[in-house]
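Worksheet: one structure, shown below.
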There are 2 protein chains.
Amino acid sequence: MSTHVYNRIALIGLGLIASSMAHAIRRGNLAQEITGYARSEATRETARQISLCDRVCDTAADAVKGADLVVLCVPVGAMGPVMEEIAPVLQPGATVSDVGSVKRHVIEAVQPHIPEGVHFVPAHPLAGTEHSGPEAGFAELYDNRWCLLVPVEGSDPDAVDRLRRLWEGMGANVDEMDADHHDLVLAVTSHAPHLIAYTMVGVADDLRRVTDSEVIKYSAAGFRDFTRIAASDPTMWRDVFLTNKDATLEILGRFTEELFALQRAIRTGDGDHLFDYFTRTRAIRRGIIEAGQDTAAPDFGRGGKP
Amino acid sequence: MSTHVYNRIALIGLGLIASSMAHAIRRGNLAQEITGYARSEATRETARQISLCDRVCDTAADAVKGADLVVLCVPVGAMGPVMEEIAPVLQPGATVSDVGSVKRHVIEAVQPHIPEGVHFVPAHPLAGTEHSGPEAGFAELYDNRWCLLVPVEGSDPDAVDRLRRLWEGMGANVDEMDADHHDLVLAVTSHAPHLIAYTMVGVADDLRRVTDSEVIKYSAAGFRDFTRIAASDPTMWRDVFLTNKDATLEILGRFTEELFALQRAIRTGDGDHLFDYFTRTRAIRRGIIEAGQDTAAPDFGRGGKP
């Protein structure tokens, strides 16, 4: 029985997110054909060797021809130019979507190039690992994770609904959100934490009296989790911070304010302030476990694929 | 065949660390008898119900009588008073050790109470989870993790060597380090990262325009790892920050300096600065994986016990 949601899906960019989509689409039999394109010849060659798509094309235009869904899976800063390139060959009635971590900027960069008769439905799957490239993907990445759809003004409800069915078919839970709220929520839950982790790992590396090898040898819980976050793709994250500037800077401002208050509590020996703060944050963790977004099992970064 | 390193080991405090020691000691048949004591009657009762030790005693003095190893597994701030209480009943030739995350303060609090003829060998196993209490322990917690021994001036080499064999028997790798260097290394790899994680989780909770339930629902990689760290035992961490004040504040000072530089790069749109920084931190992660302190497998906090 066919469960196809689309006839042909074109994945533009073949990194972790796109390659996981390819595996998940096949697992769910959600499309008849998957085409792919990556800017780098080496990436295209790898994708061909592992048979990631049915066809890996040498141009983005070739990949999108005849596709009823095109998903832009390139860094946020590259979305606009790629869209401009493929616009002339898009099939009428096709849907263009993306997987960018920032939505307001992507909408502003992509929407002006969307041809009449083509639907644009921005999306953002909240899933990832610190690994990159076409070989990093796996079919389970989106299972029980959220995918946020961010319809723009005038998005066709049927096109939105069809994209929702694709993401649900790939295992995700789907919600809708407007672009500005999305960017603020993500600044809190993802963008600011990533910058903070990058910073702490950089500080450790700078410290002269503690060697890198000591930091590495003795990095137990705490720092080790930070290094995992801070190992994420540099290009992707550079673009995220540059394009979600206002929300990220707002959250970082609140963060440093709060951090200064805790530093002062340490300096003045105010144990009650510290204890109360740490007790409150513990409750938030329990909420996440109850919401099913993580497990209570001890982990230490040693777990394998779920 | 007996592999006993000690005849009777007394665990004072029965939280995650002590209960994992009990399981690991039994797994390795490293002692003939394990006694235990916890201040809270409820904790003692739980420990008895799960047969954590051979005997759970109602006073610390009863637990340490006749023990040739006593391990203080209480929060750092409680080490001194507990040591004072048990000093009169310690067996001559016995070794006292601890598992505190801070070493200079513990040495200053404990050593004055060590009787003549009793050895004091401070230690710190670099392992843990965000869970607490006697039921949180498991035998594998120390496998392939580091335990740092921090001998004090005049520590008996045989007593140090014997404690080393115990920790190796529990699966740990053992290194020696002096107290001040230990406290600086841990400030970088553990204490500052924990305070930062606590701070970020608190900021998210404070934000009015993003609800707690949104933060919880949409907390993908990044924030979710922070919440795990920020769920650690509040009493333990309060004591860590109050007793490793100088090193923690020094690292936090460098951290905020570095964070301000990255915030400025975001504000001014300096993508090269961000890209270079993120590329450098990625290399540190690779070092940790090569050092065997973590695996490269994708994780997302969904893994179970190793």
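Following the order of the structure tokens, chains are lettered A, B, ..., residues in each are numbered from 1, and ligands are numbered from 1.
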
In segment 126-243 of chain A, DSSP strand (DSSP E) residues written as a PyMOL selection string: chain A and resi 146-149+173-176

Let me see the file: selected residues, N, CA and C atoms, as a PDB file, in the first residue's frame.
```
ATOM      1  N   TRP A 146       9.934  17.407  18.020  1.00  0.00           N
ATOM      2  CA  TRP A 146       9.016  18.384  17.464  1.00  0.00           C
ATOM      3  C   TRP A 146       9.514  18.922  16.140  1.00  0.00           C
ATOM      4  N   CYS A 147       8.573  19.127  15.216  1.00  0.00           N
ATOM      5  CA  CYS A 147       8.872  19.914  14.030  1.00  0.00           C
ATOM      6  C   CYS A 147       7.912  21.099  14.038  1.00  0.00           C
ATOM      7  N   LEU A 148       8.448  22.311  14.008  1.00  0.00           N
ATOM      8  CA  LEU A 148       7.612  23.509  14.031  1.00  0.00           C
ATOM      9  C   LEU A 148       7.380  23.990  12.607  1.00  0.00           C
ATOM     10  N   LEU A 149       6.119  24.100  12.222  1.00  0.00           N
ATOM     11  CA  LEU A 149       5.769  24.698  10.936  1.00  0.00           C
ATOM     12  C   LEU A 149       5.468  26.172  11.187  1.00  0.00           C
ATOM     13  N   ASN A 173       6.423  15.067  16.034  1.00  0.00           N
ATOM     14  CA  ASN A 173       5.209  15.757  16.445  1.00  0.00           C
ATOM     15  C   ASN A 173       5.260  17.138  15.803  1.00  0.00           C
ATOM     16  N   VAL A 174       4.120  17.632  15.347  1.00  0.00           N
ATOM     17  CA  VAL A 174       4.122  18.888  14.599  1.00  0.00           C
ATOM     18  C   VAL A 174       3.296  19.951  15.315  1.00  0.00           C
ATOM     19  N   ASP A 175       3.857  21.140  15.433  1.00  0.00           N
ATOM     20  CA  ASP A 175       3.146  22.308  15.955  1.00  0.00           C
ATOM     21  C   ASP A 175       3.314  23.462  14.974  1.00  0.00           C
ATOM     22  N   GLU A 176       2.411  24.457  15.064  1.00  0.00           N
ATOM     23  CA  GLU A 176       2.580  25.671  14.263  1.00  0.00           C
ATOM     24  C   GLU A 176       2.884  26.842  15.177  1.00  0.00           C
TER      25      GLU A 176
END
```

Fit chain B to chain A, using all C-alpha atoms paired in sequence order for the least-squares superposition, and then show me the result as a compact mmCIF listing (two decimals) with C-alpha atoms, in the first residue's frame.
```txt
# COMPACT_ATOMS: atom_id res chain seq x y z
CA MET B 1 0.12 -0.02 0.01
CA SER B 2 1.42 3.37 -0.96
CA THR B 3 1.75 5.87 1.84
CA HIS B 4 3.34 8.47 -0.42
CA VAL B 5 2.70 12.01 0.73
CA TYR B 6 4.68 13.45 -2.19
CA ASN B 7 5.66 12.07 -5.55
CA ARG B 8 9.19 13.51 -5.72
CA ILE B 9 11.02 15.21 -2.88
CA ALA B 10 14.14 17.24 -3.65
CA LEU B 11 16.61 17.76 -0.80
CA ILE B 12 18.89 20.75 -1.42
CA GLY B 13 21.90 20.36 0.84
CA LEU B 14 22.84 16.88 2.05
CA GLY B 15 23.99 17.29 5.65
CA LEU B 16 22.77 15.67 8.85
CA ILE B 17 19.21 16.99 8.59
CA ALA B 18 18.67 16.15 4.91
CA SER B 19 20.29 12.73 5.14
CA SER B 20 18.17 11.87 8.17
CA MET B 21 15.10 13.01 6.21
CA ALA B 22 16.09 10.72 3.33
CA HIS B 23 16.32 7.74 5.68
CA ALA B 24 13.06 8.63 7.45
CA ILE B 25 11.20 9.21 4.16
CA ARG B 26 12.26 5.78 2.93
CA ARG B 27 11.42 4.13 6.23
CA GLY B 28 7.89 5.56 5.99
CA ASN B 29 7.59 5.09 2.21
CA LEU B 30 6.55 8.74 2.11
CA ALA B 31 7.69 9.58 -1.43
CA GLN B 32 8.11 7.75 -4.70
CA GLU B 33 11.45 9.37 -5.44
CA ILE B 34 14.05 11.39 -3.51
CA THR B 35 16.48 13.60 -5.41
CA GLY B 36 19.34 15.44 -3.82
CA TYR B 37 21.92 18.12 -4.45
CA ALA B 38 24.91 19.41 -2.49
CA ARG B 39 27.22 22.22 -3.45
CA SER B 40 30.38 20.24 -2.73
CA GLU B 41 31.33 17.56 -5.24
CA ALA B 42 32.82 15.44 -2.46
CA THR B 43 29.49 15.50 -0.60
CA ARG B 44 27.60 14.50 -3.74
CA GLU B 45 30.04 11.65 -4.31
CA THR B 46 29.65 10.40 -0.73
CA ALA B 47 25.87 10.60 -1.03
CA ARG B 48 26.01 8.53 -4.23
CA GLN B 49 28.29 5.94 -2.66
CA ILE B 50 25.89 5.34 0.22
CA SER B 51 22.82 5.55 -2.09
CA LEU B 52 21.36 8.25 0.09
CA CYS B 53 18.89 9.43 -2.60
CA ASP B 54 17.45 7.83 -5.71
CA ARG B 55 19.34 10.44 -7.73
CA VAL B 56 22.04 12.87 -6.66
CA CYS B 57 22.16 15.69 -9.22
CA ASP B 58 25.05 17.97 -10.17
CA THR B 59 22.92 21.13 -10.06
CA ALA B 60 20.16 22.27 -7.73
CA ALA B 61 17.97 22.98 -10.79
CA ASP B 62 18.21 19.35 -11.97
CA ALA B 63 17.29 18.10 -8.50
CA VAL B 64 14.15 20.24 -8.16
CA LYS B 65 12.75 19.68 -11.69
CA GLY B 66 9.48 17.81 -11.41
CA ALA B 67 9.58 17.76 -7.60
CA ASP B 68 6.34 18.47 -5.75
CA LEU B 69 8.31 19.19 -2.57
CA VAL B 70 11.64 21.00 -2.36
CA VAL B 71 13.32 21.21 1.05
CA LEU B 72 16.13 23.72 1.51
CA CYS B 73 18.59 22.05 3.91
CA VAL B 74 21.48 24.52 3.58
CA PRO B 75 22.86 26.90 6.24
CA VAL B 76 20.49 29.78 6.96
CA GLY B 77 22.77 32.29 5.23
CA ALA B 78 22.66 30.30 1.97
CA MET B 79 18.86 29.93 1.73
CA GLY B 80 18.20 33.12 -0.30
CA PRO B 81 20.79 32.53 -3.06
CA VAL B 82 19.77 28.85 -3.44
CA MET B 83 16.11 29.83 -3.70
CA GLU B 84 16.90 32.42 -6.35
CA GLU B 85 18.76 29.79 -8.35
CA ILE B 86 16.00 27.18 -8.36
CA ALA B 87 13.00 29.54 -8.71
CA PRO B 88 12.83 29.38 -12.55
CA VAL B 89 12.54 25.58 -12.71
CA LEU B 90 10.02 24.98 -9.89
CA GLN B 91 6.94 23.04 -10.91
CA PRO B 92 3.62 24.93 -10.53
CA GLY B 93 1.79 23.73 -7.42
CA ALA B 94 5.03 22.58 -5.79
CA THR B 95 5.79 23.34 -2.16
CA VAL B 96 9.09 24.84 -1.01
CA SER B 97 10.05 24.28 2.61
CA ASP B 98 13.24 24.56 4.64
CA VAL B 99 14.75 23.27 7.87
CA GLY B 100 16.50 26.44 9.07
CA SER B 101 16.94 27.13 12.78
CA VAL B 102 15.91 30.77 12.29
CA LYS B 103 12.63 31.64 10.63
CA ARG B 104 12.17 35.42 10.26
CA HIS B 105 15.43 35.80 8.35
CA VAL B 106 14.75 32.77 6.13
CA ILE B 107 11.29 34.07 5.25
CA GLU B 108 12.71 37.47 4.33
CA ALA B 109 15.45 35.88 2.23
CA VAL B 110 13.38 33.20 0.48
CA GLN B 111 9.84 34.50 0.03
CA PRO B 112 10.63 37.26 -2.51
CA HIS B 113 11.91 34.55 -4.89
CA ILE B 114 8.89 32.21 -4.59
CA PRO B 115 7.12 32.14 -8.01
CA GLU B 116 3.37 32.59 -8.39
CA GLY B 117 1.61 29.24 -7.91
CA VAL B 118 4.35 27.78 -5.70
CA HIS B 119 3.65 27.31 -1.98
CA PHE B 120 6.14 28.30 0.70
CA VAL B 121 5.85 26.59 4.10
CA PRO B 122 8.86 27.22 6.36
CA ALA B 123 9.62 24.50 8.90
CA HIS B 124 12.14 23.69 11.61
CA PRO B 125 12.68 20.19 13.00
CA LEU B 126 14.01 20.44 16.57
CA ALA B 127 16.49 17.61 16.33
CA GLY B 128 20.15 17.20 15.67
CA THR B 129 23.44 15.81 16.80
CA GLU B 130 26.91 17.31 16.80
CA HIS B 131 27.74 15.39 13.62
CA SER B 132 27.56 16.76 10.08
CA GLY B 133 27.44 15.48 6.54
CA PRO B 134 25.52 12.92 4.46
CA GLU B 135 26.82 9.96 6.46
CA ALA B 136 25.66 11.42 9.79
CA GLY B 137 21.96 10.88 9.09
CA PHE B 138 19.75 8.13 10.47
CA ALA B 139 16.04 7.37 10.18
CA GLU B 140 15.21 7.76 13.89
CA LEU B 141 16.46 11.34 14.32
CA TYR B 142 12.95 12.84 14.23
CA ASP B 143 11.10 10.18 16.20
CA ASN B 144 9.09 11.85 18.97
CA ARG B 145 10.85 15.20 18.32
CA TRP B 146 9.00 18.39 17.46
CA CYS B 147 8.87 19.93 14.02
CA LEU B 148 7.60 23.51 14.02
CA LEU B 149 5.77 24.70 10.92
CA VAL B 150 5.85 28.47 10.48
CA PRO B 151 3.29 29.27 7.75
CA VAL B 152 3.63 32.70 6.15
CA GLU B 153 0.76 35.00 5.30
CA GLY B 154 -1.21 33.36 2.53
CA SER B 155 0.29 29.87 2.99
CA ASP B 156 -2.12 27.40 1.37
CA PRO B 157 -3.78 25.31 4.14
CA ASP B 158 -3.63 22.16 2.01
CA ALA B 159 0.09 22.65 1.41
CA VAL B 160 0.64 23.13 5.14
CA ASP B 161 -1.41 20.04 5.94
CA ARG B 162 0.50 17.92 3.43
CA LEU B 163 3.86 18.99 4.87
CA ARG B 164 2.54 18.18 8.33
CA ARG B 165 1.72 14.65 7.19
CA LEU B 166 5.25 14.25 5.84
CA TRP B 167 6.83 15.24 9.15
CA GLU B 168 4.42 13.08 11.11
CA GLY B 169 5.30 10.23 8.76
CA MET B 170 8.97 10.80 9.64
CA GLY B 171 8.09 10.31 13.31
CA ALA B 172 7.87 13.95 14.44
CA ASN B 173 5.20 15.76 16.43
CA VAL B 174 4.12 18.90 14.58
CA ASP B 175 3.16 22.32 15.93
CA GLU B 176 2.58 25.67 14.25
CA MET B 177 4.10 28.94 15.47
CA ASP B 178 4.65 32.40 14.07
CA ALA B 179 8.14 33.37 12.96
CA ASP B 180 9.01 35.94 15.63
CA HIS B 181 7.86 33.76 18.50
CA HIS B 182 9.74 30.83 17.01
CA ASP B 183 12.94 32.84 16.92
CA LEU B 184 12.56 33.89 20.57
CA VAL B 185 11.73 30.38 21.80
CA LEU B 186 14.72 28.99 19.93
CA ALA B 187 17.00 31.74 21.24
CA VAL B 188 16.17 30.48 24.76
CA THR B 189 16.18 26.75 24.20
CA SER B 190 18.95 26.40 21.66
CA HIS B 191 20.81 29.45 20.35
CA ALA B 192 21.92 31.06 23.64
CA PRO B 193 22.83 27.66 25.19
CA HIS B 194 24.99 26.87 22.17
CA LEU B 195 26.86 30.17 22.38
CA ILE B 196 27.42 29.63 26.09
CA ALA B 197 28.76 26.13 25.52
CA TYR B 198 31.06 27.38 22.78
CA THR B 199 32.32 30.09 25.11
CA MET B 200 33.06 27.77 28.02
CA VAL B 201 34.93 25.31 25.83
CA GLY B 202 36.99 28.18 24.41
CA VAL B 203 37.84 29.46 27.91
CA ALA B 204 39.08 26.03 28.95
CA ASP B 205 41.30 25.91 25.89
CA ASP B 206 42.76 29.34 26.66
CA LEU B 207 43.72 28.65 30.24
CA ARG B 208 47.48 28.40 30.59
CA ARG B 209 47.70 26.76 34.00
CA VAL B 210 45.47 23.85 33.01
CA THR B 211 46.60 21.93 29.96
CA ASP B 212 44.25 20.84 27.17
CA SER B 213 45.09 17.25 27.96
CA GLU B 214 44.04 17.74 31.59
CA VAL B 215 40.80 19.34 30.50
CA ILE B 216 40.19 16.46 28.14
CA LYS B 217 41.20 13.72 30.54
CA TYR B 218 39.22 14.99 33.47
CA SER B 219 36.15 16.31 31.72
CA ALA B 220 33.38 14.57 33.59
CA ALA B 221 29.73 15.56 33.49
CA GLY B 222 29.38 19.27 32.89
CA PHE B 223 32.18 20.18 30.57
CA ARG B 224 31.76 17.03 28.51
CA ASP B 225 28.15 17.90 27.72
CA PHE B 226 29.32 21.38 26.71
CA THR B 227 31.89 19.99 24.33
CA ARG B 228 29.26 17.92 22.60
CA ILE B 229 27.16 21.02 22.02
CA ALA B 230 30.21 23.07 21.05
CA ALA B 231 31.21 20.52 18.40
CA SER B 232 28.21 21.39 16.21
CA ASP B 233 28.67 22.61 12.64
CA PRO B 234 30.48 26.01 12.69
CA THR B 235 28.91 27.35 9.47
CA MET B 236 25.39 26.53 10.57
CA TRP B 237 25.88 28.17 13.95
CA ARG B 238 27.63 31.27 12.61
CA ASP B 239 24.58 31.83 10.40
CA VAL B 240 22.15 31.20 13.26
CA PHE B 241 23.73 33.88 15.45
CA LEU B 242 24.06 36.41 12.65
CA THR B 243 20.43 35.93 11.57
CA ASN B 244 18.75 35.63 14.98
CA LYS B 245 20.81 38.46 16.41
CA ASP B 246 18.20 40.40 18.40
CA ALA B 247 16.60 37.50 20.26
CA THR B 248 19.96 35.87 20.98
CA LEU B 249 21.47 39.09 22.34
CA GLU B 250 18.39 39.69 24.49
CA ILE B 251 18.65 36.26 26.08
CA LEU B 252 22.41 36.57 26.55
CA GLY B 253 21.84 39.91 28.28
CA ARG B 254 19.46 38.32 30.76
CA PHE B 255 21.85 35.43 31.18
CA THR B 256 24.82 37.60 32.15
CA GLU B 257 22.62 39.59 34.56
CA GLU B 258 21.55 36.38 36.27
CA LEU B 259 25.10 34.98 36.23
CA PHE B 260 26.41 38.13 37.93
CA ALA B 261 23.84 37.67 40.71
CA LEU B 262 25.00 34.09 41.29
CA GLN B 263 28.67 35.13 41.18
CA ARG B 264 27.88 37.72 43.83
CA ALA B 265 26.16 35.04 45.95
CA ILE B 266 29.31 32.91 45.71
CA ARG B 267 31.56 35.85 46.57
CA THR B 268 29.45 36.88 49.58
CA GLY B 269 28.86 33.29 50.71
CA ASP B 270 25.07 33.48 50.31
CA GLY B 271 24.37 29.74 50.39
CA ASP B 272 20.59 30.15 50.68
CA HIS B 273 20.42 32.06 47.41
CA LEU B 274 22.40 29.34 45.65
CA PHE B 275 20.41 26.50 47.19
CA ASP B 276 17.05 28.07 46.29
CA TYR B 277 18.16 28.76 42.73
CA PHE B 278 19.43 25.21 42.21
CA THR B 279 16.27 23.73 43.70
CA ARG B 280 14.14 25.72 41.26
CA THR B 281 16.13 24.64 38.20
CA ARG B 282 15.85 21.02 39.25
CA ALA B 283 12.05 21.25 38.95
CA ILE B 284 12.35 22.38 35.34
CA ARG B 285 14.28 19.24 34.53
CA ARG B 286 11.50 17.12 35.99
CA GLY B 287 9.04 18.92 33.71
CA ILE B 288 11.11 17.99 30.66
CA ILE B 289 11.20 14.34 31.64
CA GLU B 290 7.44 14.36 32.24
CA ALA B 291 6.92 16.00 28.83
CA GLY B 292 8.66 12.98 27.27
CA GLN B 293 11.48 14.97 25.64
CA ASP B 294 14.13 13.04 27.55
CA THR B 295 14.49 10.07 29.84
CA ALA B 296 15.43 9.91 33.49
CA ALA B 297 18.02 7.21 32.86
CA PRO B 298 21.59 8.08 33.75
CA ASP B 299 23.49 8.86 30.62
CA PHE B 300 26.94 10.51 30.92
CA GLY B 301 27.21 10.83 27.17
CA ARG B 302 27.94 7.15 26.84
CA GLY B 303 24.65 6.06 25.30
CA GLY B 304 24.50 4.95 21.70
CA LYS B 305 21.82 5.42 19.08
CA PRO B 306 18.37 5.17 20.62
```

DSSP-assigned alpha helix (DSSP H) among segment 181-234 of chain A, expressed as a ChimeraX atom specification: /A:181-186,192-206,212-217,223-229,234

Since we have the selection now, will you write its residues out, keeping C-alpha atoms, as a JSON list (two decimals), in the first residue's frame?
```
[["chain", "number", "residue", "atom", "x", "y", "z"],
["A", 181, "HIS", "CA", 7.87, 33.76, 18.50],
["A", 182, "HIS", "CA", 9.75, 30.81, 17.01],
["A", 183, "ASP", "CA", 12.95, 32.83, 16.93],
["A", 184, "LEU", "CA", 12.57, 33.90, 20.57],
["A", 185, "VAL", "CA", 11.74, 30.38, 21.80],
["A", 186, "LEU", "CA", 14.73, 28.98, 19.93],
["A", 192, "ALA", "CA", 21.93, 31.05, 23.63],
["A", 193, "PRO", "CA", 22.83, 27.65, 25.20],
["A", 194, "HIS", "CA", 24.98, 26.86, 22.16],
["A", 195, "LEU", "CA", 26.86, 30.15, 22.38],
["A", 196, "ILE", "CA", 27.41, 29.63, 26.09],
["A", 197, "ALA", "CA", 28.76, 26.13, 25.53],
["A", 198, "TYR", "CA", 31.07, 27.36, 22.77],
["A", 199, "THR", "CA", 32.33, 30.08, 25.11],
["A", 200, "MET", "CA", 33.06, 27.77, 28.02],
["A", 201, "VAL", "CA", 34.93, 25.31, 25.83],
["A", 202, "GLY", "CA", 36.99, 28.17, 24.42],
["A", 203, "VAL", "CA", 37.83, 29.46, 27.91],
["A", 204, "ALA", "CA", 39.08, 26.03, 28.96],
["A", 205, "ASP", "CA", 41.30, 25.91, 25.91],
["A", 206, "ASP", "CA", 42.75, 29.35, 26.68],
["A", 212, "ASP", "CA", 44.25, 20.86, 27.19],
["A", 213, "SER", "CA", 45.09, 17.26, 27.97],
["A", 214, "GLU", "CA", 44.05, 17.75, 31.59],
["A", 215, "VAL", "CA", 40.80, 19.35, 30.52],
["A", 216, "ILE", "CA", 40.20, 16.47, 28.16],
["A", 217, "LYS", "CA", 41.22, 13.71, 30.57],
["A", 223, "PHE", "CA", 32.18, 20.18, 30.58],
["A", 224, "ARG", "CA", 31.77, 17.03, 28.51],
["A", 225, "ASP", "CA", 28.15, 17.90, 27.74],
["A", 226, "PHE", "CA", 29.30, 21.38, 26.71],
["A", 227, "THR", "CA", 31.89, 19.99, 24.32],
["A", 228, "ARG", "CA", 29.23, 17.91, 22.61],
["A", 229, "ILE", "CA", 27.14, 21.02, 22.02],
["A", 234, "PRO", "CA", 30.48, 26.00, 12.68]]
```
